[in-house]
$ cat my_file-v7.txt   # compact mmCIF, C-alpha atoms and all ligand atoms
# COMPACT_ATOMS: atom_id res chain seq x y z
CA MET A 2 -9.81 5.53 23.93
CA LYS A 3 -10.18 1.84 23.19
CA ASN A 4 -13.07 0.91 21.01
CA PHE A 5 -14.88 -2.38 20.39
CA TYR A 6 -11.72 -4.17 19.23
CA SER A 7 -9.39 -4.12 22.21
CA ASN A 8 -6.20 -3.46 20.26
CA ILE A 9 -7.55 -0.66 18.06
CA TYR A 10 -6.84 2.76 19.58
CA SER A 11 -7.87 6.30 18.67
CA PHE A 12 -4.90 8.60 18.37
CA ASN A 13 -3.86 10.90 21.22
CA LYS A 14 -0.68 11.86 23.06
CA LYS A 15 -0.76 8.82 25.30
CA ILE A 16 -1.18 6.46 22.36
CA LEU A 17 1.57 8.29 20.50
CA ARG A 18 3.95 7.60 23.40
CA LYS A 19 2.80 3.99 23.65
CA THR A 20 3.35 3.40 19.91
CA VAL A 21 6.81 4.95 20.01
CA LYS A 22 7.70 2.71 22.93
CA ILE A 23 6.45 -0.41 21.13
CA LEU A 24 8.47 0.45 18.01
CA LYS A 25 11.61 1.28 20.01
CA GLU A 26 11.37 -2.10 21.72
CA GLY A 27 11.46 -3.78 18.29
CA ASN A 28 7.78 -4.65 18.19
CA LEU A 29 5.20 -3.94 15.49
CA ALA A 30 2.27 -1.54 15.10
CA GLY A 31 -0.55 -1.26 12.57
CA LEU A 32 -0.48 2.33 11.34
CA PRO A 33 -2.51 4.47 8.94
CA THR A 34 -0.99 6.03 5.83
CA GLU A 35 -2.64 8.03 3.06
CA THR A 36 -2.55 5.00 0.73
CA VAL A 37 -3.30 1.89 2.79
CA TYR A 38 -2.59 0.82 6.38
CA GLY A 39 0.92 -0.45 7.07
CA LEU A 40 2.53 -3.00 9.38
CA ALA A 41 5.37 -0.98 10.88
CA GLY A 42 8.67 -2.01 12.47
CA ASN A 43 12.18 -0.60 12.96
CA ALA A 44 13.91 -0.90 9.56
CA TYR A 45 17.32 -0.95 11.29
CA SER A 46 16.42 -3.96 13.43
CA LYS A 47 16.72 -7.44 11.97
CA ASN A 48 14.50 -8.76 14.74
CA ALA A 49 11.70 -6.30 14.14
CA VAL A 50 11.78 -6.93 10.38
CA LYS A 51 11.76 -10.69 10.98
CA LYS A 52 8.51 -10.23 12.89
CA ILE A 53 6.97 -8.38 9.93
CA PHE A 54 7.71 -11.22 7.50
CA LYS A 55 6.51 -13.79 9.98
CA LEU A 56 3.25 -12.09 10.87
CA LYS A 57 2.35 -11.36 7.25
CA LYS A 58 3.51 -14.82 6.09
CA ARG A 59 5.44 -12.89 3.47
CA PRO A 60 8.10 -14.65 1.36
CA ARG A 61 11.52 -13.40 2.47
CA LYS A 62 12.49 -12.59 -1.11
CA ASN A 63 9.87 -9.83 -1.32
CA PRO A 64 11.52 -6.61 -0.01
CA LEU A 65 9.79 -3.95 2.10
CA ILE A 66 9.28 -0.21 1.62
CA ILE A 67 11.17 1.97 4.11
CA HIS A 68 9.30 5.07 5.32
CA TYR A 69 11.07 8.32 6.23
CA LYS A 70 10.09 11.70 7.58
CA SER A 71 12.79 13.62 5.68
CA ILE A 72 15.37 13.54 2.90
CA ASN A 73 18.07 14.06 5.50
CA ASP A 74 17.22 10.77 7.17
CA ALA A 75 16.95 8.91 3.86
CA LYS A 76 20.38 10.15 2.75
CA ILE A 77 22.04 7.89 5.30
CA ASP A 78 20.65 4.75 3.69
CA VAL A 79 20.32 5.40 -0.05
CA ILE A 80 22.06 7.29 -2.84
CA LEU A 81 19.74 10.07 -3.97
CA ASN A 82 19.90 11.23 -7.62
CA ASP A 83 18.53 14.04 -9.80
CA ASP A 84 15.45 12.14 -10.94
CA PHE A 85 14.64 11.49 -7.30
CA TYR A 86 14.92 15.16 -6.33
CA LYS A 87 12.68 16.23 -9.24
CA LEU A 88 9.94 13.79 -8.29
CA TYR A 89 10.34 14.44 -4.57
CA ARG A 90 9.77 18.17 -5.10
CA LYS A 91 6.59 17.53 -7.04
CA PHE A 92 4.97 14.61 -5.22
CA CYS A 93 6.35 14.29 -1.68
CA PRO A 94 5.25 13.70 0.92
CA GLY A 95 2.85 11.48 -0.99
CA PRO A 96 1.95 8.17 -2.60
CA ILE A 97 5.15 7.42 -4.49
CA THR A 98 7.93 4.93 -3.67
CA PHE A 99 11.44 5.26 -5.11
CA ILE A 100 13.83 2.37 -5.70
CA LEU A 101 17.37 3.70 -5.21
CA LYS A 102 20.83 2.24 -4.73
CA LYS A 103 21.66 1.33 -1.15
CA SER A 104 24.44 3.48 0.31
CA LYS A 105 27.67 1.96 1.60
CA ASN A 106 26.85 2.99 5.17
CA SER A 107 23.19 2.05 4.98
CA LYS A 108 21.81 0.92 8.33
CA ILE A 109 18.82 -0.89 6.89
CA THR A 110 18.83 -4.57 7.74
CA SER A 111 19.43 -6.65 4.61
CA LEU A 112 16.41 -8.74 5.53
CA ALA A 113 14.17 -5.72 4.76
CA THR A 114 15.64 -5.36 1.28
CA ALA A 115 15.77 -9.09 0.56
CA ASN A 116 19.55 -8.77 0.15
CA LEU A 117 19.17 -6.54 -2.91
CA ASN A 118 21.57 -3.64 -3.45
CA THR A 119 18.58 -1.31 -3.79
CA VAL A 120 16.10 0.12 -1.26
CA ALA A 121 12.48 1.19 -1.72
CA ILE A 122 11.87 4.49 0.11
CA ARG A 123 8.73 6.52 0.67
CA PHE A 124 7.75 9.77 2.40
CA PRO A 125 4.17 9.24 3.59
CA LYS A 126 1.62 12.02 3.92
CA ASN A 127 -0.26 11.18 7.08
CA LYS A 128 -0.19 13.30 10.24
CA ILE A 129 -0.36 10.40 12.70
CA LEU A 130 2.42 8.51 10.98
CA ASN A 131 4.65 11.56 10.68
CA SER A 132 4.19 12.46 14.34
CA ILE A 133 5.45 8.96 15.16
CA LEU A 134 8.38 9.20 12.71
CA LYS A 135 9.41 12.48 14.39
CA LEU A 136 9.84 10.74 17.74
CA ILE A 137 11.98 7.80 16.64
CA ASN A 138 15.52 7.80 15.28
CA PHE A 139 15.03 5.03 12.74
CA PRO A 140 12.88 4.69 9.60
CA LEU A 141 9.92 2.32 9.48
CA ALA A 142 9.85 -0.79 7.31
CA MET A 143 6.20 -0.99 6.45
CA PRO A 144 4.42 -3.29 4.02
CA SER A 145 0.68 -3.13 3.73
CA ALA A 146 -0.89 -4.52 6.91
CA ASN A 147 -2.52 -7.60 5.40
CA LEU A 148 -1.66 -11.27 5.13
CA SER A 149 0.57 -11.87 2.12
CA SER A 150 -1.40 -12.13 -1.17
CA LYS A 151 -4.59 -10.70 0.37
CA LEU A 152 -6.24 -7.30 -0.13
CA SER A 153 -4.57 -4.26 1.42
CA PRO A 154 -6.35 -2.69 4.42
CA VAL A 155 -7.89 0.76 4.20
CA GLN A 156 -9.20 1.03 7.77
CA ALA A 157 -8.14 -0.15 11.23
CA SER A 158 -10.76 -2.92 11.36
CA ASP A 159 -9.35 -4.41 8.12
CA VAL A 160 -5.99 -4.76 9.86
CA PHE A 161 -7.74 -6.42 12.80
CA ASP A 162 -9.50 -8.85 10.43
CA ASP A 163 -6.15 -10.23 9.23
CA PHE A 164 -4.07 -10.15 12.43
CA LYS A 165 -6.59 -10.10 15.28
CA LYS A 166 -4.73 -9.62 18.58
CA LYS A 167 -1.37 -10.73 17.28
CA LEU A 168 -0.59 -7.02 17.07
CA SER A 169 -0.39 -5.11 20.35
CA ILE A 170 -1.54 -1.89 18.74
CA ILE A 171 -3.49 -0.74 15.69
CA ILE A 172 -4.04 3.00 15.42
CA ASN A 173 -7.36 4.12 14.04
CA GLY A 174 -6.65 6.89 11.55
CA GLY A 175 -9.98 6.63 9.74
CA ILE A 176 -10.33 5.44 6.16
CA SER A 177 -7.21 5.80 4.00
CA LYS A 178 -7.74 8.80 1.74
CA ILE A 179 -6.21 7.30 -1.38
CA GLY A 180 -7.11 3.66 -0.78
CA ILE A 181 -4.66 2.13 -3.26
CA GLU A 182 -0.91 1.48 -2.82
CA SER A 183 1.81 3.95 -3.80
CA THR A 184 3.29 4.02 -7.30
CA VAL A 185 6.66 2.23 -7.24
CA ILE A 186 9.30 3.67 -9.59
CA ASP A 187 12.78 2.26 -10.07
CA LEU A 188 15.31 5.11 -10.25
CA SER A 189 18.36 2.93 -9.63
CA GLU A 190 18.84 2.78 -13.39
CA LYS A 191 16.81 4.07 -16.35
CA PRO A 192 13.41 4.95 -14.80
CA LYS A 193 10.78 2.27 -14.86
CA ILE A 194 7.40 1.97 -13.16
CA LEU A 195 7.36 -1.31 -11.21
CA ARG A 196 3.90 -0.89 -9.73
CA PRO A 197 1.29 1.53 -11.13
CA GLY A 198 -0.43 3.59 -8.45
CA PHE A 199 -2.18 6.83 -7.62
CA ILE A 200 0.47 8.91 -9.40
CA SER A 201 0.46 7.95 -13.06
CA GLU A 202 3.35 7.23 -15.41
CA THR A 203 2.19 10.16 -17.58
CA GLU A 204 2.47 12.59 -14.65
CA ILE A 205 5.91 11.24 -13.77
CA LYS A 206 7.14 11.43 -17.37
CA GLY A 207 5.92 15.03 -17.46
CA ILE A 208 8.33 15.85 -14.63
CA LEU A 209 11.32 13.75 -15.67
CA GLN A 210 11.11 14.57 -19.40
CA LYS A 211 13.04 11.49 -20.44
CA THR A 212 12.38 8.03 -21.84
CA PHE A 213 11.72 5.13 -19.51
CA SER A 214 13.24 1.69 -19.59
CA LYS A 215 11.32 -0.77 -21.79
CA LYS A 216 13.14 -3.76 -20.37
CA LYS A 217 11.08 -6.42 -18.73
CA SER A 218 12.13 -6.15 -15.11
CA LYS A 219 14.30 -9.01 -13.89
CA ILE A 220 13.34 -9.65 -10.29
CA LYS A 221 12.66 -6.09 -9.31
CA SER A 222 9.27 -6.08 -7.60
CA PRO A 223 9.12 -9.75 -6.73
CA GLY A 224 5.83 -9.30 -4.95
CA MET A 225 4.29 -8.04 -8.14
CA LEU A 226 4.79 -11.27 -10.06
CA LYS A 227 2.49 -13.60 -8.23
CA LYS A 228 -1.09 -13.77 -7.22
CA HIS A 229 -1.77 -10.75 -5.02
CA TYR A 230 -4.54 -8.57 -3.67
CA SER A 231 -6.92 -11.51 -3.53
CA PRO A 232 -10.32 -10.68 -2.00
CA GLY A 233 -11.02 -14.40 -1.49
CA VAL A 234 -13.90 -14.31 -4.00
CA PRO A 235 -13.46 -15.11 -7.74
CA ILE A 236 -13.51 -12.07 -10.03
CA ILE A 237 -15.11 -12.11 -13.48
CA PHE A 238 -14.57 -9.31 -15.98
CA GLY A 239 -16.82 -7.64 -18.49
CA ARG A 240 -20.22 -9.08 -17.58
CA LYS A 241 -23.07 -8.45 -15.18
CA PRO A 242 -24.13 -11.14 -12.71
CA LYS A 243 -27.28 -13.19 -13.34
CA SER A 244 -27.56 -14.53 -9.79
CA LEU A 245 -28.28 -12.63 -6.58
CA ASN A 246 -25.41 -14.56 -4.96
CA HIS A 247 -23.06 -12.68 -7.22
CA ALA A 248 -21.97 -9.08 -6.65
CA TYR A 249 -21.55 -6.40 -9.32
CA ILE A 250 -19.06 -3.58 -8.81
CA PHE A 251 -19.32 -0.48 -11.02
CA TYR A 252 -19.05 3.28 -10.86
CA GLY A 253 -21.16 6.14 -12.21
CA LYS A 254 -24.90 6.51 -11.86
CA LYS A 255 -26.28 4.50 -14.73
CA HIS A 256 -27.29 1.42 -12.72
CA LYS A 257 -30.13 0.39 -10.47
CA ASN A 258 -29.96 0.07 -6.72
CA PHE A 259 -30.00 -3.74 -6.45
CA LYS A 260 -28.75 -5.34 -3.24
CA ASN A 261 -25.92 -7.07 -5.07
CA TYR A 262 -24.87 -3.88 -6.92
CA PHE A 263 -22.01 -1.84 -5.42
CA ASN A 264 -21.32 1.67 -6.72
CA LEU A 265 -17.72 2.87 -6.20
CA SER A 266 -18.52 6.48 -7.12
CA LYS A 267 -21.93 7.89 -7.95
CA LYS A 268 -20.34 10.91 -9.61
CA GLY A 269 -18.22 8.63 -11.76
CA ASP A 270 -14.98 9.92 -10.27
CA LEU A 271 -12.06 7.54 -10.70
CA LYS A 272 -10.24 8.79 -7.57
CA GLU A 273 -13.28 8.18 -5.43
CA ALA A 274 -13.79 4.79 -7.11
CA ALA A 275 -10.18 3.79 -6.34
CA SER A 276 -10.55 4.79 -2.70
CA ASN A 277 -13.63 2.56 -2.39
CA LEU A 278 -12.35 -0.48 -4.31
CA TYR A 279 -10.71 -2.55 -1.54
CA LYS A 280 -13.30 -1.57 1.05
CA THR A 281 -16.07 -2.70 -1.27
CA MET A 282 -14.41 -6.01 -2.12
CA ARG A 283 -13.97 -6.76 1.60
CA LYS A 284 -17.62 -5.91 2.22
CA ILE A 285 -18.73 -8.23 -0.59
CA LYS A 286 -16.64 -11.07 0.83
CA LYS A 287 -18.08 -10.49 4.33
CA LYS A 288 -21.63 -10.52 3.00
CA GLY A 289 -20.98 -13.96 1.54
CA PHE A 290 -21.32 -13.25 -2.19
CA LYS A 291 -19.84 -16.09 -4.24
CA LYS A 292 -18.45 -14.10 -7.19
CA ILE A 293 -17.58 -10.53 -8.12
CA PHE A 294 -18.42 -9.19 -11.59
CA ILE A 295 -16.69 -6.00 -12.70
CA ASN A 296 -15.78 -4.09 -15.88
CA LYS A 297 -12.20 -3.01 -16.52
CA PHE A 298 -11.53 0.66 -15.80
CA PRO A 299 -10.43 3.15 -18.52
CA LYS A 300 -6.79 2.48 -19.48
CA LYS A 301 -5.39 5.78 -18.26
CA GLY A 302 -4.15 7.30 -15.00
CA LEU A 303 -5.60 5.63 -11.96
CA GLY A 304 -7.56 3.22 -14.16
CA ILE A 305 -4.25 1.50 -15.01
CA ALA A 306 -3.43 0.96 -11.32
CA MET A 307 -6.94 -0.32 -10.58
CA ASN A 308 -6.90 -2.76 -13.54
CA ASP A 309 -3.47 -3.97 -12.39
CA ARG A 310 -4.79 -4.82 -8.92
CA LEU A 311 -7.94 -6.46 -10.32
CA LYS A 312 -5.95 -8.58 -12.72
CA ARG A 313 -3.74 -9.86 -9.89
CA ALA A 314 -6.71 -10.29 -7.60
CA SER A 315 -8.41 -12.50 -10.20
CA LYS A 316 -5.44 -14.89 -10.57
O1 LIG B 401 1.34 2.51 -0.37
C1 LIG B 401 2.22 1.72 -0.07
O2 LIG B 401 3.27 1.62 -0.73
C2 LIG B 401 2.01 0.85 1.19
C3 LIG B 401 2.01 1.75 2.42
C4 LIG B 401 1.87 0.97 3.70
O3 LIG B 401 3.16 2.56 2.43
N1 LIG B 401 3.01 -0.17 1.27
C5 LIG B 401 3.05 -1.24 0.44
O4 LIG B 401 4.07 -2.14 0.73
O5 LIG B 401 2.28 -1.39 -0.49
P1 LIG B 401 4.10 -3.63 0.14
O6 LIG B 401 5.15 -4.33 0.88
O7 LIG B 401 2.74 -4.20 0.21
O8 LIG B 401 4.58 -3.44 -1.33
C6 LIG B 401 5.92 -3.06 -1.59
C7 LIG B 401 6.27 -3.31 -3.02
C8 LIG B 401 6.41 -4.79 -3.31
O9 LIG B 401 5.84 -5.07 -4.58
C9 LIG B 401 7.92 -5.00 -3.32
O10 LIG B 401 8.30 -6.08 -4.14
C10 LIG B 401 8.40 -3.66 -3.87
O11 LIG B 401 7.55 -2.70 -3.27
N2 LIG B 401 9.80 -3.40 -3.47
C11 LIG B 401 10.28 -3.14 -2.23
N3 LIG B 401 11.62 -2.99 -2.25
C12 LIG B 401 12.01 -3.14 -3.52
C13 LIG B 401 13.27 -3.12 -4.20
N4 LIG B 401 14.41 -2.88 -3.56
N5 LIG B 401 13.27 -3.32 -5.54
C14 LIG B 401 12.12 -3.54 -6.19
N6 LIG B 401 10.90 -3.58 -5.63
C15 LIG B 401 10.84 -3.41 -4.31
MG MG B 402 1.13 -5.33 0.00
$ encode --input "my_file-v7.txt" --output "structure tokens"
Amino acid sequence: MKNFYSNIYSFNKKILRKTVKILKEGNLAGLPTETVYGLAGNAYSKNAVKKIFKLKKRPRKNPLIIHYKSINDAKIDVILNDDFYKLYRKFCPGPITFILKKSKNSKITSLATANLNTVAIRFPKNKILNSILKLINFPLAMPSANLSSKLSPVQASDVFDDFKKKLSIIINGGISKIGIESTVIDLSEKPKILRPGFISETEIKGILQKTFSKKKSKIKSPGMLKKHYSPGVPIIFGRKPKSLNHAYIFYGKKHKNFKNYFNLSKKGDLKEAASNLYKTMRKIKKKGFKKIFINKFPKKGLGIAMNDRLKRASK
């Protein structure tokens, strides 16, 4: 069924077939994942991937994550190693992206990997997305479905806000459960976290039981270097606002119910807070607040990923 926005569709068999057709024809679709919504296209098609970069206004040197339904499919394009298998067994399908060496016979278009000799791969945990992956014989290149440098989308209407009707289909899969992007780990050499995410470095180290690279990454996650995740409203850390034009984001129950106060989790749960962060920042922008005041999150687990996004958003 179509809803208010004419290119947002609820999921059913007919829409599944329509989406598969669109992707097979080399066109793009806005799809839900458990982390954030993605802008999906055939990773084997240069043309489809070109459209992704163009629509997002993404610099061509920033490579995309390739999404697979199974290890068997991924094997064609990348060289899997022991560290990968250990982490796969523990966390996949789920919110973790692995950087691995590209295989000799890889079919991924070099545009998707920005000509690097590595590929970022992920096995998403979302029923809608996996039912689509099962019906196509190519993996999906899929960055977050937002304009480059803006906040990632956590619901279908967020995707619409950035792309309007430039996309022929956006599937409504409800609000993304996790609400923050996957952890990106480089396994192409000594392990190194390139982007903190829902799965923490501590958890990963617990599985791999080895030391991580301390090197500053060279290019690696190019997208991570610049301004990113911008809500379009300045962010100020460590203080409360004095004006009603300014919003305050916090979590836990210790604050009053002012109109410019936004609570990410009344029970003070960091996971819930993370899942509400982007949604809340978008809401604040829409309501016309001029500034966002927020305290840094605790420097462990998910708090690290949230602080990382806030720091970039404030640049
Ligand atoms: O949760 C997620 O990962 C979401 C959903 C849609 O799957 N996707 C996502 O994609 O966040 P994107 O394009 O917004 O972020 C991908 C990150 C970028 O920082 C990019 O630089 C990095 O992954 N990346 C991709 N390929 C890489 C490679 N070969 N080497 C190093 N970093 C890479
Ligand atoms: Mg992104």
$ residues_around --input "my_file-v7.txt" --residues "range 201-218 of chain A" --least-positions-apart "6" --cutoff "8 Å" --atoms "only C-alpha atoms" --output "ChimeraX atom specification"
/A:84,87-88,91,184,191-195,302-303
$ atom_distance --input "my_file-v7.txt" --atom1 "CA of Ile171 in chain A" --atom2 "CA of Leu141 in chain A"
15.1 Å
$ residues_near_ligand --input "my_file-v7.txt" --ligand "ligand MG 402 (chain B)" --cutoff "8 Å" --atoms "only C-alpha atoms and all ligand atoms" --output "JSON, numbers by chain"
{"A": [144, 145, 146, 147, 149, 150, 151, 152, 153, 182, 224, 229, 230]}
$ write_last_selection --input "my_file-v7.txt" --atoms "C-alpha atoms" --output "short mmCIF file (atom, residue, chain, number, x, y, z; two decimals), in the frame of the given file"
data_model
loop_
_atom_site.label_atom_id
_atom_site.label_comp_id
_atom_site.auth_asym_id
_atom_site.auth_seq_id
_atom_site.Cartn_x
_atom_site.Cartn_y
_atom_site.Cartn_z
CA PRO A 144 4.42 -3.29 4.02
CA SER A 145 0.68 -3.13 3.73
CA ALA A 146 -0.89 -4.52 6.91
CA ASN A 147 -2.52 -7.60 5.40
CA SER A 149 0.57 -11.87 2.12
CA SER A 150 -1.40 -12.13 -1.17
CA LYS A 151 -4.59 -10.70 0.37
CA LEU A 152 -6.24 -7.30 -0.13
CA SER A 153 -4.57 -4.26 1.42
CA GLU A 182 -0.91 1.48 -2.82
CA GLY A 224 5.83 -9.30 -4.95
CA HIS A 229 -1.77 -10.75 -5.02
CA TYR A 230 -4.54 -8.57 -3.67
#
$ residues_around --input "my_file-v7.txt" --residues "range 17-24 of chain A" --least-positions-apart "2" --cutoff "12 Å" --atoms "all atoms listed in the file" --output "PyMOL selection string"
chain A and resi 8-15+26-32+40-46+48-50+52+128-143+168-173
$ closest_atom_pairs --input "my_file-v7.txt" --of "chain A" --to "ligand LIG 401 (chain B)" --cutoff "8 Å" --atoms "only C-alpha atoms and all ligand atoms" --output "tab-separated table"
residue	atom	partner	partner_atom	distance
A:Pro33	CA	B:LIG401	C4	7.7
A:Thr34	CA	B:LIG401	C4	6.2
A:Glu35	CA	B:LIG401	O1	7.6
A:Thr36	CA	B:LIG401	O1	4.7
A:Val37	CA	B:LIG401	C3	5.3
A:Tyr38	CA	B:LIG401	C4	5.2
A:Gly39	CA	B:LIG401	C4	3.8
A:Leu40	CA	B:LIG401	C4	7.0
A:Asn63	CA	B:LIG401	O10	4.9
A:Pro64	CA	B:LIG401	N3	4.3
A:Leu65	CA	B:LIG401	C11	4.4
A:Ile66	CA	B:LIG401	C11	4.9
A:His68	CA	B:LIG401	O3	7.2
A:Pro96	CA	B:LIG401	O1	6.1
A:Ile97	CA	B:LIG401	O2	7.2
A:Thr98	CA	B:LIG401	O2	6.4
A:Ile100	CA	B:LIG401	N4	5.7
A:Leu101	CA	B:LIG401	N4	7.4
A:Ala113	CA	B:LIG401	N3	7.9
A:Thr114	CA	B:LIG401	N4	5.6
A:Ala115	CA	B:LIG401	N4	7.6
A:Leu117	CA	B:LIG401	N4	6.0
A:Asn118	CA	B:LIG401	N4	7.2
A:Thr119	CA	B:LIG401	N4	4.5
A:Val120	CA	B:LIG401	N4	4.1
A:Ala121	CA	B:LIG401	N3	4.3
A:Ile122	CA	B:LIG401	N3	7.8
A:Arg123	CA	B:LIG401	O3	7.1
A:Pro125	CA	B:LIG401	O3	6.9
A:Met143	CA	B:LIG401	C4	5.5
A:Pro144	CA	B:LIG401	O6	3.4
A:Ser145	CA	B:LIG401	O7	4.2
A:Ala146	CA	B:LIG401	C4	6.9
A:Ser153	CA	B:LIG401	O7	7.4
A:Ile181	CA	B:LIG401	O1	6.7
A:Glu182	CA	B:LIG401	O1	3.5
A:Ser183	CA	B:LIG401	O1	3.7
A:Thr184	CA	B:LIG401	O2	7.0
A:Val185	CA	B:LIG401	O11	6.4
A:Asp187	CA	B:LIG401	C14	7.0
A:Leu195	CA	B:LIG401	N6	7.0
A:Arg196	CA	B:LIG401	O9	6.9
A:Ile220	CA	B:LIG401	C14	7.5
A:Lys221	CA	B:LIG401	C14	4.1
A:Ser222	CA	B:LIG401	N6	3.6
A:Pro223	CA	B:LIG401	O10	4.6
A:Gly224	CA	B:LIG401	O10	4.1
A:Met225	CA	B:LIG401	O9	4.9
